[in-house]
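A.B. asks: Sharing coords01.txt here; it has compact mmCIF, C-alpha atoms and all ligand atoms.
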```txt
# COMPACT_ATOMS: atom_id res chain seq x y z
CA MET A 1 -18.04 4.22 9.33
CA MET A 2 -14.44 5.31 9.63
CA GLN A 3 -13.22 6.72 6.30
CA THR A 4 -9.77 5.53 5.31
CA ARG A 5 -7.60 7.21 2.78
CA ARG A 6 -4.73 6.13 0.60
CA GLY A 7 -1.30 7.66 1.05
CA LEU A 8 0.16 9.97 -1.56
CA LEU A 9 3.53 9.58 -3.24
CA ILE A 10 4.74 13.16 -2.84
CA ILE A 11 7.56 13.95 -5.27
CA ILE A 12 9.60 17.10 -4.67
CA SER A 13 12.16 18.03 -7.31
CA SER A 14 14.26 21.14 -7.88
CA PRO A 15 17.69 22.14 -9.04
CA SER A 16 20.20 21.34 -6.30
CA GLY A 17 20.27 24.19 -3.74
CA ALA A 18 16.71 25.50 -4.29
CA GLY A 19 15.65 24.19 -0.88
CA LYS A 20 13.93 20.81 -1.22
CA SER A 21 15.77 19.07 1.66
CA THR A 22 15.03 22.00 3.97
CA LEU A 23 11.36 21.98 2.98
CA SER A 24 11.11 18.18 3.27
CA LYS A 25 12.45 18.33 6.83
CA ARG A 26 9.88 20.98 7.75
CA LEU A 27 7.05 18.90 6.28
CA ARG A 28 8.04 15.93 8.38
CA ILE A 29 8.04 18.07 11.52
CA TRP A 30 4.54 19.30 10.54
CA ASP A 31 3.32 15.73 10.05
CA PRO A 32 5.60 12.99 11.42
CA ASN A 33 3.39 10.40 9.69
CA ILE A 34 4.84 11.49 6.34
CA GLU A 35 7.46 8.91 5.56
CA PHE A 36 10.64 10.01 3.85
CA SER A 37 11.77 7.66 1.11
CA VAL A 38 15.43 7.10 1.96
CA SER A 39 17.23 6.72 -1.36
CA ALA A 40 20.19 4.55 -2.15
CA THR A 41 23.17 6.36 -3.63
CA THR A 42 26.74 5.74 -4.74
CA ARG A 43 27.86 9.26 -3.78
CA ALA A 44 30.00 9.75 -0.67
CA PRO A 45 28.27 10.86 2.54
CA ARG A 46 28.47 14.57 3.40
CA SER A 47 29.46 15.52 6.93
CA GLY A 48 26.51 14.92 9.23
CA GLU A 49 24.82 12.40 6.93
CA ALA A 50 24.16 8.95 8.36
CA HIS A 51 23.65 5.64 6.51
CA GLY A 52 19.94 4.82 6.57
CA ARG A 53 18.86 8.35 7.54
CA GLU A 54 19.65 10.71 4.62
CA TYR A 55 20.68 7.93 2.24
CA PHE A 56 21.73 4.32 2.07
CA PHE A 57 25.34 4.67 0.89
CA HIS A 58 26.48 1.90 -1.44
CA THR A 59 29.28 0.99 -3.80
CA LYS A 60 28.46 0.87 -7.53
CA GLU A 61 28.51 -2.93 -7.37
CA GLU A 62 26.05 -3.03 -4.47
CA PHE A 63 23.81 -0.55 -6.26
CA GLN A 64 23.80 -2.67 -9.42
CA THR A 65 22.80 -5.69 -7.33
CA LEU A 66 19.81 -3.77 -5.94
CA ILE A 67 18.70 -2.98 -9.51
CA ASN A 68 19.23 -6.59 -10.66
CA GLU A 69 17.14 -7.84 -7.73
CA ASP A 70 14.34 -5.45 -8.76
CA LYS A 71 14.45 -3.57 -5.45
CA MET A 72 14.11 -0.08 -6.99
CA LEU A 73 10.95 1.83 -7.83
CA GLU A 74 13.13 4.10 -9.96
CA HIS A 75 16.82 4.88 -10.41
CA ALA A 76 18.91 7.36 -12.33
CA GLU A 77 22.39 8.75 -12.76
CA VAL A 78 22.75 12.29 -11.37
CA PHE A 79 26.05 14.22 -11.30
CA GLY A 80 27.96 11.03 -12.15
CA ASN A 81 26.54 9.05 -9.23
CA PHE A 82 23.66 6.61 -9.07
CA TYR A 83 20.56 7.33 -7.02
CA GLY A 84 17.43 5.25 -6.57
CA SER A 85 14.29 4.88 -4.46
CA PRO A 86 13.72 1.43 -2.92
CA HIS A 87 10.10 0.33 -3.51
CA GLY A 88 9.95 -1.91 -0.43
CA PRO A 89 8.38 0.53 2.04
CA VAL A 90 6.14 2.35 -0.47
CA ASN A 91 3.24 -0.07 -1.09
CA ASP A 92 2.66 -0.78 2.59
CA ALA A 93 2.73 2.91 3.47
CA ILE A 94 0.21 4.05 0.91
CA THR A 95 -2.27 1.22 1.48
CA GLN A 96 -2.09 2.03 5.21
CA GLY A 97 -2.83 5.71 4.46
CA ARG A 98 0.64 7.09 5.06
CA ASP A 99 2.18 9.52 2.56
CA VAL A 100 5.70 8.92 1.25
CA LEU A 101 7.91 11.88 0.36
CA PHE A 102 10.47 11.49 -2.44
CA ASP A 103 13.34 13.93 -3.00
CA VAL A 104 14.26 12.84 -6.53
CA ASP A 105 15.39 14.49 -9.75
CA TRP A 106 13.20 14.82 -12.88
CA GLN A 107 14.18 11.35 -14.10
CA GLY A 108 12.96 9.81 -10.85
CA GLY A 109 9.79 11.92 -11.06
CA GLN A 110 9.03 10.60 -14.55
CA GLN A 111 9.62 6.97 -13.59
CA ILE A 112 7.43 7.11 -10.47
CA ARG A 113 4.67 8.95 -12.36
CA ASN A 114 4.77 6.25 -15.07
CA SER A 115 4.77 3.38 -12.55
CA SER A 116 1.69 1.42 -11.46
CA LEU A 117 1.41 3.83 -8.50
CA GLY A 118 1.21 6.85 -10.82
CA LYS A 119 -2.34 7.82 -9.93
CA HIS A 120 -1.31 8.37 -6.30
CA VAL A 121 1.49 10.77 -7.21
CA LEU A 122 1.52 14.42 -6.16
CA SER A 123 4.47 16.16 -7.78
CA ILE A 124 5.85 19.55 -6.83
CA PHE A 125 8.71 21.44 -8.47
CA ILE A 126 10.64 24.03 -6.46
CA LEU A 127 12.22 26.96 -8.32
CA PRO A 128 14.80 29.32 -6.83
CA PRO A 129 13.85 33.03 -6.92
CA SER A 130 16.92 33.78 -9.08
CA ILE A 131 20.07 32.10 -10.40
CA PRO A 132 22.48 34.23 -8.29
CA GLU A 133 20.41 33.26 -5.21
CA LEU A 134 20.61 29.58 -6.21
CA GLU A 135 24.40 29.86 -6.34
CA ARG A 136 24.48 31.76 -3.04
CA ARG A 137 22.50 28.95 -1.37
CA LEU A 138 24.79 26.25 -2.74
CA VAL A 139 27.83 28.18 -1.46
CA SER A 140 26.24 29.00 1.92
CA ARG A 141 25.30 25.35 2.49
CA GLY A 142 29.07 24.88 2.77
CA GLN A 143 28.97 21.22 1.76
CA ASP A 144 30.50 21.17 -1.70
CA SER A 145 33.79 22.19 -3.33
CA ASN A 146 33.80 24.93 -5.99
CA ASP A 147 34.04 22.31 -8.73
CA VAL A 148 31.01 20.42 -7.40
CA ILE A 149 29.04 23.69 -7.09
CA GLU A 150 29.96 24.57 -10.68
CA GLY A 151 28.71 21.14 -11.81
CA ARG A 152 25.42 21.59 -9.94
CA MET A 153 24.93 25.07 -11.44
CA SER A 154 25.48 23.81 -14.97
CA LYS A 155 22.90 21.03 -14.39
CA ALA A 156 20.36 23.44 -12.89
CA ARG A 157 19.12 24.72 -16.25
CA ASP A 158 18.42 21.20 -17.47
CA GLU A 159 16.58 20.28 -14.23
CA ILE A 160 14.50 23.49 -14.38
CA SER A 161 13.47 22.71 -17.98
CA HIS A 162 11.28 19.88 -16.62
CA TRP A 163 8.99 22.17 -14.60
CA PRO A 164 5.91 21.63 -16.86
CA GLU A 165 5.81 17.91 -15.96
CA TYR A 166 4.85 18.67 -12.34
CA ASP A 167 1.41 19.21 -10.76
CA TYR A 168 2.56 22.31 -8.86
CA VAL A 169 5.46 24.72 -9.25
CA LEU A 170 6.51 26.92 -6.32
CA VAL A 171 9.12 29.68 -6.18
CA ASN A 172 11.01 29.22 -2.91
CA ASP A 173 11.66 32.85 -2.07
CA ASP A 174 10.48 33.16 1.53
CA LEU A 175 10.96 29.80 3.25
CA ASP A 176 8.01 30.12 5.66
CA GLN A 177 5.64 31.08 2.84
CA THR A 178 6.77 28.17 0.67
CA GLU A 179 6.31 25.81 3.60
CA ASP A 180 2.75 27.09 4.11
CA LYS A 181 1.94 26.63 0.42
CA LEU A 182 3.25 23.07 0.50
CA LYS A 183 1.09 22.24 3.53
CA THR A 184 -1.98 23.68 1.78
CA ILE A 185 -1.33 21.65 -1.36
CA ILE A 186 -0.77 18.39 0.56
CA SER A 187 -3.86 18.93 2.75
CA ALA A 188 -6.06 19.40 -0.31
CA GLU A 189 -4.56 16.60 -2.37
CA ARG A 190 -5.17 14.11 0.44
CA MET A 191 -8.87 14.53 -0.33
CA ARG A 192 -8.49 13.83 -4.06
CA LEU A 193 -10.97 11.19 -5.22
CA SER A 194 -8.22 8.69 -6.06
CA GLN A 195 -7.13 8.87 -2.39
CA GLN A 196 -10.53 8.00 -0.95
CA PRO A 197 -11.26 4.35 -1.74
CA ASP A 198 -14.19 4.21 0.74
CA ILE A 199 -16.18 7.01 -0.85
CA VAL A 200 -17.95 4.45 -3.09
CA GLU A 201 -19.37 2.81 0.04
CA THR A 202 -20.63 6.14 1.32
CA VAL A 203 -22.42 6.88 -1.95
CA ARG A 204 -23.91 3.37 -1.95
CA ARG A 205 -25.27 3.94 1.54
CA LEU A 206 -26.72 7.33 0.54
CA ASN A 207 -28.43 5.69 -2.42
CA SER A 208 -29.92 2.95 -0.27
CA GLU A 209 -31.17 5.62 2.15
CA PHE A 210 -32.95 7.28 -0.79
CA GLU A 211 -34.63 3.97 -1.52
CA ASP A 212 -35.66 3.58 2.14
CA ARG A 213 -37.59 6.84 1.89
CA GLN A 214 -39.90 5.45 -0.80
P1 LIG B 301 18.37 21.18 -1.99
O1 LIG B 301 17.92 20.09 -1.08
O2 LIG B 301 17.32 21.59 -2.98
O3 LIG B 301 19.70 20.90 -2.65
P2 LIG B 301 18.78 22.67 0.51
O4 LIG B 301 17.50 22.44 1.22
O5 LIG B 301 19.99 21.93 0.98
O6 LIG B 301 18.60 22.49 -1.07
O7 LIG B 301 19.05 24.25 0.56
C1 LIG B 301 20.27 24.84 0.12
C2 LIG B 301 20.67 25.97 1.10
O8 LIG B 301 19.73 27.06 0.95
C3 LIG B 301 20.62 25.55 2.57
O9 LIG B 301 21.72 26.14 3.23
C4 LIG B 301 19.28 26.12 3.05
O10 LIG B 301 19.34 26.44 4.42
C5 LIG B 301 19.11 27.37 2.21
N1 LIG B 301 17.70 27.73 1.90
C6 LIG B 301 16.69 26.89 1.55
N2 LIG B 301 15.55 27.58 1.31
C7 LIG B 301 15.85 28.89 1.50
C8 LIG B 301 15.08 30.13 1.41
N3 LIG B 301 13.78 30.14 1.06
N4 LIG B 301 15.71 31.28 1.67
C9 LIG B 301 17.03 31.27 2.01
N5 LIG B 301 17.81 30.16 2.13
C10 LIG B 301 17.23 28.98 1.87
P1 LIG B 302 22.32 15.29 -3.44
O1 LIG B 302 23.57 14.59 -3.86
O2 LIG B 302 22.46 16.79 -3.43
O3 LIG B 302 21.75 14.74 -2.15
O4 LIG B 302 21.22 14.96 -4.55
C1 LIG B 302 21.52 15.25 -5.88
C2 LIG B 302 20.30 15.04 -6.75
O5 LIG B 302 19.89 13.67 -6.74
C3 LIG B 302 19.07 15.84 -6.29
O6 LIG B 302 18.50 16.45 -7.45
C4 LIG B 302 18.14 14.79 -5.73
O7 LIG B 302 16.78 15.14 -5.90
C5 LIG B 302 18.50 13.60 -6.60
N1 LIG B 302 18.14 12.34 -5.94
C6 LIG B 302 18.28 11.99 -4.64
N2 LIG B 302 17.81 10.75 -4.43
C7 LIG B 302 17.34 10.31 -5.61
C8 LIG B 302 16.70 9.09 -6.03
O8 LIG B 302 16.46 8.16 -5.26
N3 LIG B 302 16.36 9.01 -7.33
C9 LIG B 302 16.59 10.01 -8.22
N4 LIG B 302 16.19 9.84 -9.48
N5 LIG B 302 17.17 11.17 -7.87
C10 LIG B 302 17.55 11.31 -6.59
```
Could you render the structure from this file as structure tokens?
C.D. replies:
Amino acid sequence: MMQTRRGLLIIISSPSGAGKSTLSKRLRIWDPNIEFSVSATTRAPRSGEAHGREYFFHTKEEFQTLINEDKMLEHAEVFGNFYGSPHGPVNDAITQGRDVLFDVDWQGGQQIRNSSLGKHVLSIFILPPSIPELERRLVSRGQDSNDVIEGRMSKARDEISHWPEYDYVLVNDDLDQTEDKLKTIISAERMRLSQQPDIVETVRRLNSEFEDRQ
């Protein structure tokens, strides 16, 4: 009998600039079956970002309508903008055995963990190796003004304070090593008991085979 598995809801959080988008992209190259949860946001697109690929870009009014229509698995205000994960694609993906990757802040992590899908959550927190390196990465990304970078740095301490709520915490020093650790964690967690609904059938069959021996 073919064993099926349930998909995981993989939550990756970190202070802005620690490397979660870079790592998420690498994970999806490793396994293209991992679905990226494209969030809705009210922030303006950065250069190179496309509607429907990195984010669904909305006005505040449109975003409020999505909440009112109960289209969000979670939503939160981050850096003065609204962000949220649509729940539409999630249920189908995990019952069909596809993992969904969420790049959300700690508030999103808490809401997804406390949702009815909580037992399928794998949450990973990414720390920067140092605070000067975090700032260097934000500057080198070249996407934000000095004011925006300052805002992200002052939020970083608050975001980092939520590390104990996560299943795994990784320090993203060497990118290749962090990527390898993430792949190891995901590979193992896919075999977690909660992800193997058919295992009960296997044990039943083993038990009936015991009885056949008598
Ligand atoms: P986040 O999504 O957490 O805000 P990004 O993935 O955009 O962060 O990374 C911020 C910047 O740091 C990018 O320019 C990225 O290329 C770089 N970066 C990410 N991880 C590392 C690493 N381990 N070593 C050096 N630079 C990194
Ligand atoms: P950025 O503007 O740099 O893309 O994202 C800023 C912050 O918002 C990051 O910490 C990111 O994880 C968080 N974020 C992105 N999408 C969502 C979402 O759908 N929900 C929540 N709660 N946070 C999000």
A.B. asks: Determine, using only C-alpha atoms and all ligand atoms, which residues of chain A have any atom at most 6 Å from an atom of ligand LIG 301 (chain B), and tabulate each with its shortest atom pair and distance in Å to one decimal place, rows ordered by chain and then rising number, as a Markdown table.
C.D. replies:
```
| residue | atom | partner | partner_atom | distance |
| --- | --- | --- | --- | --- |
| A:Ser14 | CA | B:LIG301 | O2 | 5.8 |
| A:Ser16 | CA | B:LIG301 | O3 | 3.7 |
| A:Gly17 | CA | B:LIG301 | O3 | 3.5 |
| A:Ala18 | CA | B:LIG301 | O2 | 4.2 |
| A:Gly19 | CA | B:LIG301 | O4 | 3.3 |
| A:Lys20 | CA | B:LIG301 | O2 | 3.9 |
| A:Ser21 | CA | B:LIG301 | O1 | 3.6 |
| A:Thr22 | CA | B:LIG301 | O4 | 3.7 |
| A:Arg137 | CA | B:LIG301 | O8 | 4.1 |
| A:Leu138 | CA | B:LIG301 | C1 | 5.5 |
| A:Ser140 | CA | B:LIG301 | O9 | 5.5 |
| A:Arg141 | CA | B:LIG301 | O9 | 3.7 |
| A:Asn172 | CA | B:LIG301 | N3 | 4.9 |
| A:Asp173 | CA | B:LIG301 | N3 | 4.7 |
| A:Asp174 | CA | B:LIG301 | N3 | 4.5 |
| A:Leu175 | CA | B:LIG301 | N3 | 3.6 |
```
A.B. asks: I'd like a table as JSON lines: residues in chain A with an atom no more than 9 Å from ligand LIG 302 (chain B), each row giving the shortest atom pair and its distance in Å to one decimal, only C-alpha atoms and all ligand atoms counted, sorted by chain and rising residue number.
C.D. replies:
```
{"residue": "A:Ile12", "atom": "CA", "partner": "B:LIG302", "partner_atom": "O7", "distance": 7.5}
{"residue": "A:Ser13", "atom": "CA", "partner": "B:LIG302", "partner_atom": "O7", "distance": 5.6}
{"residue": "A:Ser14", "atom": "CA", "partner": "B:LIG302", "partner_atom": "O6", "distance": 6.3}
{"residue": "A:Pro15", "atom": "CA", "partner": "B:LIG302", "partner_atom": "O6", "distance": 6.0}
{"residue": "A:Ser16", "atom": "CA", "partner": "B:LIG302", "partner_atom": "O6", "distance": 5.3}
{"residue": "A:Gly17", "atom": "CA", "partner": "B:LIG302", "partner_atom": "O2", "distance": 7.7}
{"residue": "A:Lys20", "atom": "CA", "partner": "B:LIG302", "partner_atom": "O7", "distance": 7.9}
{"residue": "A:Ser21", "atom": "CA", "partner": "B:LIG302", "partner_atom": "O3", "distance": 8.3}
{"residue": "A:Ser37", "atom": "CA", "partner": "B:LIG302", "partner_atom": "O8", "distance": 7.9}
{"residue": "A:Val38", "atom": "CA", "partner": "B:LIG302", "partner_atom": "O8", "distance": 7.4}
{"residue": "A:Ser39", "atom": "CA", "partner": "B:LIG302", "partner_atom": "O8", "distance": 4.2}
{"residue": "A:Ala40", "atom": "CA", "partner": "B:LIG302", "partner_atom": "O8", "distance": 6.1}
{"residue": "A:Thr41", "atom": "CA", "partner": "B:LIG302", "partner_atom": "N2", "distance": 7.0}
{"residue": "A:Arg43", "atom": "CA", "partner": "B:LIG302", "partner_atom": "O1", "distance": 6.8}
{"residue": "A:Ala44", "atom": "CA", "partner": "B:LIG302", "partner_atom": "O1", "distance": 8.7}
{"residue": "A:Pro45", "atom": "CA", "partner": "B:LIG302", "partner_atom": "O1", "distance": 8.8}
{"residue": "A:Arg46", "atom": "CA", "partner": "B:LIG302", "partner_atom": "O3", "distance": 8.7}
{"residue": "A:Glu54", "atom": "CA", "partner": "B:LIG302", "partner_atom": "O3", "distance": 8.2}
{"residue": "A:Tyr55", "atom": "CA", "partner": "B:LIG302", "partner_atom": "N2", "distance": 7.8}
{"residue": "A:Met72", "atom": "CA", "partner": "B:LIG302", "partner_atom": "O8", "distance": 8.7}
{"residue": "A:Leu73", "atom": "CA", "partner": "B:LIG302", "partner_atom": "O8", "distance": 8.8}
{"residue": "A:Glu74", "atom": "CA", "partner": "B:LIG302", "partner_atom": "N3", "distance": 6.4}
{"residue": "A:His75", "atom": "CA", "partner": "B:LIG302", "partner_atom": "N4", "distance": 5.1}
{"residue": "A:Ala76", "atom": "CA", "partner": "B:LIG302", "partner_atom": "N4", "distance": 4.7}
{"residue": "A:Glu77", "atom": "CA", "partner": "B:LIG302", "partner_atom": "N4", "distance": 7.1}
{"residue": "A:Val78", "atom": "CA", "partner": "B:LIG302", "partner_atom": "O5", "distance": 5.6}
{"residue": "A:Phe79", "atom": "CA", "partner": "B:LIG302", "partner_atom": "C1", "distance": 7.1}
{"residue": "A:Asn81", "atom": "CA", "partner": "B:LIG302", "partner_atom": "O1", "distance": 8.3}
{"residue": "A:Phe82", "atom": "CA", "partner": "B:LIG302", "partner_atom": "N3", "distance": 7.9}
{"residue": "A:Tyr83", "atom": "CA", "partner": "B:LIG302", "partner_atom": "C8", "distance": 4.4}
{"residue": "A:Gly84", "atom": "CA", "partner": "B:LIG302", "partner_atom": "O8", "distance": 3.3}
{"residue": "A:Ser85", "atom": "CA", "partner": "B:LIG302", "partner_atom": "O8", "distance": 4.0}
{"residue": "A:Pro86", "atom": "CA", "partner": "B:LIG302", "partner_atom": "O8", "distance": 7.6}
{"residue": "A:Phe102", "atom": "CA", "partner": "B:LIG302", "partner_atom": "O8", "distance": 7.4}
{"residue": "A:Asp103", "atom": "CA", "partner": "B:LIG302", "partner_atom": "O7", "distance": 4.7}
{"residue": "A:Val104", "atom": "CA", "partner": "B:LIG302", "partner_atom": "O7", "distance": 3.5}
{"residue": "A:Asp105", "atom": "CA", "partner": "B:LIG302", "partner_atom": "O7", "distance": 4.1}
{"residue": "A:Trp106", "atom": "CA", "partner": "B:LIG302", "partner_atom": "N4", "distance": 6.7}
{"residue": "A:Gln107", "atom": "CA", "partner": "B:LIG302", "partner_atom": "N4", "distance": 5.3}
{"residue": "A:Gly108", "atom": "CA", "partner": "B:LIG302", "partner_atom": "N4", "distance": 3.5}
{"residue": "A:Gly109", "atom": "CA", "partner": "B:LIG302", "partner_atom": "N4", "distance": 6.9}
{"residue": "A:Gln110", "atom": "CA", "partner": "B:LIG302", "partner_atom": "N4", "distance": 8.8}
{"residue": "A:Gln111", "atom": "CA", "partner": "B:LIG302", "partner_atom": "N4", "distance": 8.3}
{"residue": "A:Arg152", "atom": "CA", "partner": "B:LIG302", "partner_atom": "C1", "distance": 8.5}
{"residue": "A:Glu159", "atom": "CA", "partner": "B:LIG302", "partner_atom": "O6", "distance": 8.0}
```
A.B. asks: Distance atom CA of Thr184 of chain A-atom CA of Phe36 of chain A, one decimal place?
C.D. replies: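 Computing it gives 18.7 Å between the two atoms.
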A.B. asks: Using atom CA of Tyr168 of chain A and atom CA of Ile34 of chain A as the two end points, give the distance in Å to one decimal.
C.D. replies: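 Calculated distance between atom CA of Tyr168 of chain A and atom CA of Ile34 of chain A is 18.8 Å.
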A.B. asks: Residues near segment 88-90 of chain A, anyone? I mean within 12 Å using all atoms listed in the file, not counting same-chain ones fewer than 3 positions away, as a short mmCIF file (atom, residue, chain, number, x, y, z; two decimals) with C-alpha atoms, in the coordinates of the input.
C.D. replies:
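So the final result, stored in result_34.cif, reads:
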```cif
data_model
loop_
_atom_site.label_atom_id
_atom_site.label_comp_id
_atom_site.auth_asym_id
_atom_site.auth_seq_id
_atom_site.Cartn_x
_atom_site.Cartn_y
_atom_site.Cartn_z
CA ARG A 6 -4.73 6.13 0.60
CA GLY A 7 -1.30 7.66 1.05
CA LEU A 8 0.16 9.97 -1.56
CA LEU A 9 3.53 9.58 -3.24
CA ILE A 10 4.74 13.16 -2.84
CA ILE A 34 4.84 11.49 6.34
CA GLU A 35 7.46 8.91 5.56
CA PHE A 36 10.64 10.01 3.85
CA SER A 37 11.77 7.66 1.11
CA VAL A 38 15.43 7.10 1.96
CA SER A 39 17.23 6.72 -1.36
CA LEU A 66 19.81 -3.77 -5.94
CA GLU A 69 17.14 -7.84 -7.73
CA ASP A 70 14.34 -5.45 -8.76
CA LYS A 71 14.45 -3.57 -5.45
CA MET A 72 14.11 -0.08 -6.99
CA LEU A 73 10.95 1.83 -7.83
CA GLU A 74 13.13 4.10 -9.96
CA SER A 85 14.29 4.88 -4.46
CA ALA A 93 2.73 2.91 3.47
CA ILE A 94 0.21 4.05 0.91
CA THR A 95 -2.27 1.22 1.48
CA GLN A 96 -2.09 2.03 5.21
CA GLY A 97 -2.83 5.71 4.46
CA ARG A 98 0.64 7.09 5.06
CA ASP A 99 2.18 9.52 2.56
CA VAL A 100 5.70 8.92 1.25
CA LEU A 101 7.91 11.88 0.36
CA PHE A 102 10.47 11.49 -2.44
CA ILE A 112 7.43 7.11 -10.47
CA SER A 116 1.69 1.42 -11.46
CA LEU A 117 1.41 3.83 -8.50
CA HIS A 120 -1.31 8.37 -6.30
CA VAL A 121 1.49 10.77 -7.21
#
```
A.B. asks: In terms of the shortest atom-to-atom distance over only C-alpha atoms, which of A:Ser130, A:Thr59, A:Asn207, A:Thr4 is closest to Ala156 of chain A?
C.D. replies: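 Using only C-alpha atoms, Ala156 of chain A sits closest to A:Ser130.
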A.B. asks: Which residues are near segment 161-167 of chain A? Cut-off 7 Å, all atoms listed in the file, ignore same chain within fewer than 4 positions. Put them as a tab-separated table (two decimals) with C-alpha atoms, in the coordinates of the input.
C.D. replies:
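Resulting contents of result_14.tsv:
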```tsv
chain	number	residue	atom	x	y	z
A	106	TRP	CA	13.20	14.82	-12.88
A	122	LEU	CA	1.52	14.42	-6.16
A	123	SER	CA	4.47	16.16	-7.78
A	124	ILE	CA	5.85	19.55	-6.83
A	125	PHE	CA	8.71	21.44	-8.47
A	157	ARG	CA	19.12	24.72	-16.25
```
A.B. asks: Between A:Thr202, A:Gln214, A:Ser194, A:Gln177, which one has atoms that come closest to Arg5 of chain A, using only C-alpha atoms?
C.D. replies: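 Nearest to Arg5 of chain A: A:Ser194.
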A.B. asks: So how far away is atom CA of Ile126 of chain A from atom CA of Val171 of chain A, in Å?
C.D. replies: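 Result for atom CA of Val171 of chain A versus atom CA of Ile126 of chain A: 5.9 Å, one decimal.
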A.B. asks: Which is closer to Ile160 of chain A than all the others in A:Phe63, A:Ile131, A:Asn146, A:Arg205, using only C-alpha atoms?
C.D. replies: A:Ile131
A.B. asks: Taking all atoms listed in the file into account, name the residue in A:Leu206, A:Val169, A:Ile29, A:Ile67 that is nearest to Pro128 of chain A.
C.D. replies: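 Closest residue, counting all atoms listed in the file: A:Val169.
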